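A short worksheet on the structure shown next.
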Amino acid sequence: MFRRRIFGQIEPGRSKFWRYFRYAFLALALLAASFTLYLDFRVRSEFEGRRFALPARIYARPLELHAGLRIAQGDVIDELRENGYREGIREGDTGWFVRDGSWLEIAVRPFRFWDGAQNALRVRIDFDPIGVQKVQDAQGLDLPLARLEPLPIGGIYPGNNQDRVLVRLSEIPKPLVQALVATEDRAFYTHHGYDLRGIARAAWSFVRGHGLQGGSTLTQQLVKNFFLTPERTLQRKGTEFIMAVLLELHYGKEEILETYLNEIYLGQDRDRAIHGVGLASLYYFGKTVDQLTLTEGALLVALVKGPGVYDPYRHPDRALERRNLVLREMRNTNAITPEAFMLARSTGLGVNDKAAQGTSPHPAFVDLVTRHLRRDYDEADLRSEGLRIFTTLDPRVQGRAERVLERRIAQFDREKRFGEPGLEGAVVVTDSQTGEVEALVGGRDPHYRGFNRALDAARPVGSLLKPAVYLTALADPAHYTLVTPLDDSPFVWKSRGAPDWEPMNYDRQYHGAVPLRVALAQSYNVATARLGTDLGVSRVLGTVQRLGIEREMQPYASTLLGAVDLSPLEVAQMYQTIASGGFRAPLRAIREVTTQDGKPLKRYPLAVEQAFPPEPVYLVTAAMQGVVREGTGQSLKNWLPAETAVAGKTGTTDEQRDAWFAGFTGDKLAIVWIGYDDNRAARLTGAGAALPVWGELMGSLAVEPLVLPKPQGIETVLVDPGSGLRADSGCAGALELPFAKGSAPSAVAPCASSVGIAVEDVKQKAKNWWQRLWGR
Amino acid sequence: MKSRLRIVLAFAVCVSACASQRPEPGLPPPSPLPPSGPAHAESPAIASLMDSARADTAAGKLANAGASLERALRIEPRNPRLWQELSRVRLLQRDYVQAESCAQRSSSWAGSDALLVADNWRLIAQAREARGDADGARAALDAASQQR
């Protein structure tokens with residue numbers, strides 16, 4: 001009856017209204033249905049597909065401890081601390097160390113290296129004054145080698161700088177999950193995505209004018225973080241509600257929980273956002289999530305409500321209060337006993353005292369790594385696929401290089417007072433034998449993420465190019481030896497279409513005839529210019545190219561004296577070839593790349609190529625050792641003993657705009673540049689500004705002395721430095737110098753008797769024979 | 001005696017050079033000579049890395065073998081036996097340019113160890129031969145025979 005009245009006995013006008021109403025209703029329903037369908041599509045496709053963009057993770061080189069390694073106990077401890085190892089307590093299976101006098105016990109965490117997984121490891125390291133004396137396992141058996149997990153040094157992050165380490169629900173301790181459910185959503189296991197009581201509570205609070213807040217289930221929170229913007233409107237609440245229901249329809253509780261625990265925002269480390277309990281455990285406690293204790297898990301759950309408000313570093317009191325509230329909720333839901341609650345409540349926060357590092361503590365090095373990677377990988381893959389990048393960075397060398405450069409530049413700035421912007425600098429350190437980049441500093445502020453001077457500041461190199469001139473000469477032993485006199489008298493170079501070139505010496509003097517090795521040691525410009533033009537500029541440039549410089553250079557005579565712009569990294573490549581005996585090894589910053597679960601993707605193997613025969617490289621290296629022993633690099637003795645026998649070269653450009661020092665020991669090569677970004681005259685010399693940085697850095701690194709293997713085509717001969725002729729023990733100040741066989745002077749110096757020379761010859765032969773017998 | 005050795009060597013090279021004139025893609029790389037000469041006392045760290053490199057080589061895991069040797073070279077970059085082992089691995093990996101370079105690097109640190117240098121020349125000969133450089137291979141074998 002009632003129905004009939006409505007649908008049957010109504011006036012025409014009203015029936016029209018109802019028809020439109022039905023259409024409108026239908027349209028609305030259709031709209032709602034398609035909106036729901038759209039949401040359903042989004043929920044499924046985004047949840048199903050790649051759920052998280054994982055940053056590429058970059059690691060330093062792993063520290064390999066073995067008997068005989070030259071490293072101080074303090075340096076090992078520094079690296080462990082930086083890697084979040086706890087000191088002094090044997091708590092948990094891994095991630096701690098104990099020091100006692102000269103030994104160190106380390107519980108090394110398991111780690112997946114490029115060449116496979118390495119299990120957790122308990123080692124005891126004994127130190128002596130030189131370094132590691134022995135390495136033993138927990139049973140006291142000698143270990144040949146113990147590889148520590150490498151230090152993470154940053155990542156290549158998604159646009160939003162979110163960082164996370166994915167973990168499985170099965171790895172997450174149960175108490176942590178219980179704490180979450182007890183605190184955030186008690187009905188989680190029974191509801192369908194929404195919690196009516198929660199909604200009622202929220203509605204009541206809305207009505208009372210407290211705004212829209214709370215009442216969200218874990219599912220709704222996940223939906224909100226995953227799909228929606230953070231604004232709080234009624235419309236968004238509705239969307240969130242539908243999507244939560246849809247999510248619950250499609251996926252199980254476990255799956256939702258796992259995703260939630262990986263998604264949740266739990267902290268901020270400078271510009272890096274800490275997401276998920278996997279990364280948060282490492283960040284706050286320095287341990288993997290499966291190692292978390294009850295109270296540590298409760299703290300992470302406490303942070304869910306607001307990582308800024310409850311930041312355990314900045315607001316420890318609030319954090320502790322909130323954590324204890326979480327523990328109380330656990331007790332209230334019988335997740336823990338009252339006794340366990342009492343015990344846990346009195347436990348401290350126990351967070352790491354780790355310094356914040358942001359996206360990377362060493363942005364300049366990460367910049368180099370990223371540029372190398374871009375040759376082989378898509379930018380998008382680097383930012384989302386969770387690749388693991390194993391690099392060559394040595395944190396100890398990097399840290400020292402940063403500190404020394406920062407301090408020295410600040411000191412020069414104070415002394416010179418040349419105004420703002422202040423001096424800048426760059427440092428590159430490599431393994432002199434393998435070409436691995438151990439440290440790279442791109443400016444005085446090592447944390448600055450901008451202009452990377454080590455790679456991008458191409459500056460005139462000045463005298464740093466001279467070794468290439470002398471190497472070219474010494475490759476022609478019929479004409480040039482270390483004692484060949486060079487002419488250091490006024491010199492004008494005329495070439496068609498270019499103004500005359502008249503190089504001057506630094507001291508504005510001419511030195512007449514000088515032995516070749518002295519001309520390099522004293523960095524005489526005029527003698528070098530004459531030598532270089534005699535050899536031919538293009539021949540010298542050929543040498544520079546073979547040393548590893550790919551940049552095109554103009555074949556002007558002034559290029560011989562370094563009127564060519566190179567970056568510190570390029571200079572490092574050039575000197576690398578000399579340091580490794582004429583074998584060019586392309587500088588490398590990456591060793592291996594694996595997928596996020598450790599599958600090897602790519603190796604960047606050690607590659608060497610003989611670019612020069614060993615003899616001339618041996619000779620030019622000996623001459624460069626002369627630079628440090630008696631030439632422009634003498635002041636290095638303030639930092640390194642003479643036995644280190646460093647081979648180096650100073651460089652200073654016109655009006656002292658650039659100060660350089662390049663040099664190498666038996667195991668390390670370093671390049672230092674100092675100057676102004678805007679090319680102002682810095683009034684600093686290579687020896688006065690760059691060399692002290694180099695010396696202080698190398699002096700702090702326990703470097704190995706430079707002992708060159710004598711090539712078969714080299715003999716050493718006693719020479720009278722005054723005349724450049726053969727000497728014997730009767731000559732005061734006679735020098736033992738290397739020569740390509742057959743190129744040593746045959747004439748005898750006046751100070752020597754021919755008998756003495758013959759004796760010297762026999763002595764030398766006996767020495768050679770003795771060396772042959774006993775090896776190097 | 002020496003000249004007879006030369007003839008034998010020359011013959012061997014001739015045969016191998018003829019064989020390598022048309023390298024077939026499916027052909028296995030030349031198997032490098034096993035290390036000869038007296039055993040050297042390596043440090044435990046180096047010995048263990050060399051052992052795992054040899055085990056990996058035997059198992060055909062050449063990239064891993066190379067990685068272990070590089071680890072060892074970071075510890076002792078001046079150890080000529082490590083460079084020589086790396087040359088062997090590179091040869092098996094058919095990276096003949098690197099095989100030759102590593103053998104040369106080994107010789108540069110070999111000092112007066114003539115046996116080691118001779119082995120390096122033989123590795124260089126194998127690498128050159130595999131690349132189809134018969135003359136170069138012959139020259140390398142000559143150099144090997146001149147080491148005493």
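Every chain in the structure tokens takes a letter, A first, then B, and so on in the order presented; its residues are numbered from 1, and the ligands are numbered from 1 following the presented order.
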
May I have the residues of chain A within 10 Å of chain B, counting only C-alpha atoms, written as a PyMOL selection string?
chain A and resi 64-69+114-116+142-146+431-434+436+580-584+591-592+603-611+613-614+666-667+708-712+768-776

Do you know which residues are at most 9 Å from A:Leu464 counting only C-alpha atoms, after dropping those on the same chain fewer than 2 positions away, and could you put them as a compact mmCIF listing (two decimals) with N, CA and C atoms, in the first residue's frame?
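Dumped everything to around_2.txt:
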# COMPACT_ATOMS: atom_id res chain seq x y z
N VAL A 461 98.28 22.42 -14.26
CA VAL A 461 99.02 21.52 -13.37
C VAL A 461 100.45 21.97 -13.13
N GLY A 462 100.92 22.97 -13.92
CA GLY A 462 102.27 23.47 -13.69
C GLY A 462 103.31 22.36 -13.77
N LYS A 466 106.13 17.90 -15.47
CA LYS A 466 107.55 17.70 -15.78
C LYS A 466 107.99 16.25 -15.82
N PRO A 467 107.53 15.40 -14.89
CA PRO A 467 107.98 14.00 -14.97
C PRO A 467 107.72 13.38 -16.34
N ALA A 468 106.68 13.82 -17.03
CA ALA A 468 106.40 13.29 -18.36
C ALA A 468 107.50 13.70 -19.35
N LEU A 561 105.35 23.11 -19.61
CA LEU A 561 105.48 23.58 -18.24
C LEU A 561 104.13 23.59 -17.54
N GLY A 562 103.21 22.80 -18.07
CA GLY A 562 101.97 22.58 -17.34
C GLY A 562 100.87 23.56 -17.62
N VAL A 571 95.29 13.76 -12.68
CA VAL A 571 96.70 13.77 -12.28
C VAL A 571 97.04 12.46 -11.57
N LYS A 649 106.50 15.34 -6.65
CA LYS A 649 106.72 16.54 -7.46
C LYS A 649 105.82 17.65 -6.95
N THR A 650 106.43 18.83 -6.79
CA THR A 650 105.65 20.00 -6.42
C THR A 650 105.15 20.68 -7.68
N GLY A 651 104.10 21.44 -7.56
CA GLY A 651 103.60 22.21 -8.70
C GLY A 651 103.03 23.53 -8.22
N THR A 652 103.45 24.61 -8.87
CA THR A 652 102.94 25.94 -8.54
C THR A 652 102.69 26.63 -9.86
N TRP A 660 100.14 22.49 -5.89
CA TRP A 660 99.96 21.05 -6.07
C TRP A 660 101.08 20.28 -5.37
N PHE A 661 100.77 19.10 -4.91
CA PHE A 661 101.82 18.12 -4.64
C PHE A 661 101.30 16.75 -5.03
N ALA A 662 102.14 16.03 -5.79
CA ALA A 662 101.81 14.67 -6.22
C ALA A 662 102.96 13.78 -5.82

Please compute the atom CA of A:Leu706-atom CA of A:Ile125 distance, one decimal, in Å.
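Going from atom CA of A:Leu706 over to atom CA of A:Ile125, I get 28.2 Å.
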
Would you please work out which residue, of A:Pro460, A:Pro705, A:Pro721, A:Pro641, is nearest to A:Asp658 when using only C-alpha atoms?
A:Pro460

Using only C-alpha atoms, which protein or nucleic acid residues come within 9 Å of A:His511? Drop anything in the same chain fewer than 5 positions from it, and give the result as a JSON list (two decimals) with C-alpha atoms, in the first residue's frame.
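Output saved as around_8.json:
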[["chain", "number", "residue", "atom", "x", "y", "z"],
["A", 487, "ASP", "CA", 121.20, 23.92, -20.53],
["A", 488, "ASP", "CA", 119.48, 26.30, -18.13],
["A", 489, "SER", "CA", 120.41, 29.57, -19.84],
["A", 524, "TYR", "CA", 113.98, 24.38, -13.36],
["A", 527, "ALA", "CA", 116.09, 23.66, -18.68]]

Between atom CA of A:Asp456 and atom CA of A:Glu420 - distance in Å to one decimal
21.1 Å

Atomic separation - atom CA of A:Leu247 relative to atom CA of A:Val223, Å
8.2 Å

When you look at A:Phe365 with a cut-off of 8 Å (counting only C-alpha atoms), what residues show up, excluding the ones that are within fewer than 3 positions of it in the same chain? I need them as a list of chain:residue names.
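The residues satisfying every condition are A:His362, A:Leu368, A:Val369, A:Leu393, A:Ala439, A:Leu440, A:Val441.
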
Step one, run DSSP on the backbone; step two, keep only residues of stretch 544-640 of chain A assigned to strand (DSSP E); then write them as a list of chain:residue names.
A:Asp565, A:Leu566, A:Phe583, A:Arg584, A:Ile590, A:Arg591, A:Glu592, A:Val593, A:Thr594, A:Pro600, A:Leu601, A:Lys602, A:Arg603, A:Glu609, A:Gln610

Writer output for current selection, C-alpha atoms, as an mmCIF file, in the first residue's frame:
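Resulting contents of part.cif:
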data_model
loop_
_atom_site.group_PDB
_atom_site.id
_atom_site.type_symbol
_atom_site.label_atom_id
_atom_site.label_comp_id
_atom_site.auth_asym_id
_atom_site.auth_seq_id
_atom_site.Cartn_x
_atom_site.Cartn_y
_atom_site.Cartn_z
ATOM 1 C CA ASP A 565 94.139 21.965 -17.190
ATOM 2 C CA LEU A 566 93.665 18.654 -15.405
ATOM 3 C CA PHE A 583 101.935 -0.451 -15.752
ATOM 4 C CA ARG A 584 98.828 1.618 -16.300
ATOM 5 C CA ILE A 590 84.076 -0.031 -7.469
ATOM 6 C CA ARG A 591 84.970 -3.647 -6.993
ATOM 7 C CA GLU A 592 81.667 -5.448 -7.300
ATOM 8 C CA VAL A 593 77.946 -4.937 -7.700
ATOM 9 C CA THR A 594 75.333 -7.431 -6.526
ATOM 10 C CA PRO A 600 76.665 -11.083 -8.325
ATOM 11 C CA LEU A 601 75.896 -8.708 -11.176
ATOM 12 C CA LYS A 602 79.173 -7.209 -12.165
ATOM 13 C CA ARG A 603 82.821 -7.165 -11.213
ATOM 14 C CA GLU A 609 98.626 -2.682 -19.068
ATOM 15 C CA GLN A 610 102.301 -2.122 -19.603
#

Residue contacts of A:Phe664 (8 Å, only C-alpha atoms) excluding same-chain residues fewer than 3 positions away, as number ranges by chain:
A: 432, 579, 646-648, 667-670, 706

For the residues in the current selection, export C-alpha atoms as a PDB file, in the first residue's frame.
ATOM      1  CA  SER A 432      99.770   2.907  -5.815  1.00  0.00           C
ATOM      2  CA  ALA A 579     104.052   4.558  -9.366  1.00  0.00           C
ATOM      3  CA  VAL A 646     108.960   9.162  -1.377  1.00  0.00           C
ATOM      4  CA  ALA A 647     108.918  10.022  -5.081  1.00  0.00           C
ATOM      5  CA  GLY A 648     107.094  13.278  -5.631  1.00  0.00           C
ATOM      6  CA  ASP A 667     101.764   1.492  -1.216  1.00  0.00           C
ATOM      7  CA  LYS A 668      99.982   4.821  -1.542  1.00  0.00           C
ATOM      8  CA  LEU A 669      99.727   7.605  -4.052  1.00  0.00           C
ATOM      9  CA  ALA A 670      98.208  10.972  -3.244  1.00  0.00           C
ATOM     10  CA  LEU A 706     109.168   2.994  -1.766  1.00  0.00           C
TER      11      LEU A 706
END

Give me, as an NGL selection string, all polymer residues having an atom no more than 12 Å from A:His250, counting only C-alpha atoms and skipping those fewer than 2 positions away in the same chain.
:A and (40-41 or 43-45 or 47-48 or 192-193 or 243-248 or 252-253 or 255-256)

Output file for the selection above: C-alpha atoms, as a compact mmCIF listing (two decimals), in the first residue's frame:
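After the write, out-v3.txt holds the following:
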# COMPACT_ATOMS: atom_id res chain seq x y z
CA ASP A 40 40.97 -1.67 -6.22
CA PHE A 41 43.17 -1.53 -9.26
CA VAL A 43 45.66 -1.23 -4.36
CA ARG A 44 46.40 -4.40 -6.23
CA SER A 45 48.86 -3.09 -8.78
CA PHE A 47 50.80 -3.50 -3.55
CA GLU A 48 51.49 -6.42 -5.80
CA HIS A 192 38.30 -6.14 8.19
CA GLY A 193 40.37 -3.09 7.70
CA MET A 243 41.14 1.09 0.28
CA ALA A 244 41.74 -0.47 3.68
CA VAL A 245 38.76 -2.74 3.20
CA LEU A 246 39.97 -3.63 -0.28
CA LEU A 247 43.46 -4.36 0.99
CA GLU A 248 42.08 -6.70 3.63
CA GLY A 252 46.27 -11.72 4.50
CA LYS A 253 47.04 -10.19 7.88
CA GLU A 255 51.29 -9.77 4.46
CA ILE A 256 49.77 -6.49 5.56

Which residue is closest to A:Asp677? Choose from A:Leu104, A:Ala457, A:Leu180, A:Ile199 and count only C-alpha atoms.
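Of A:Leu104, A:Ala457, A:Leu180, A:Ile199, the one nearest A:Asp677, counting only C-alpha atoms, is A:Ala457.
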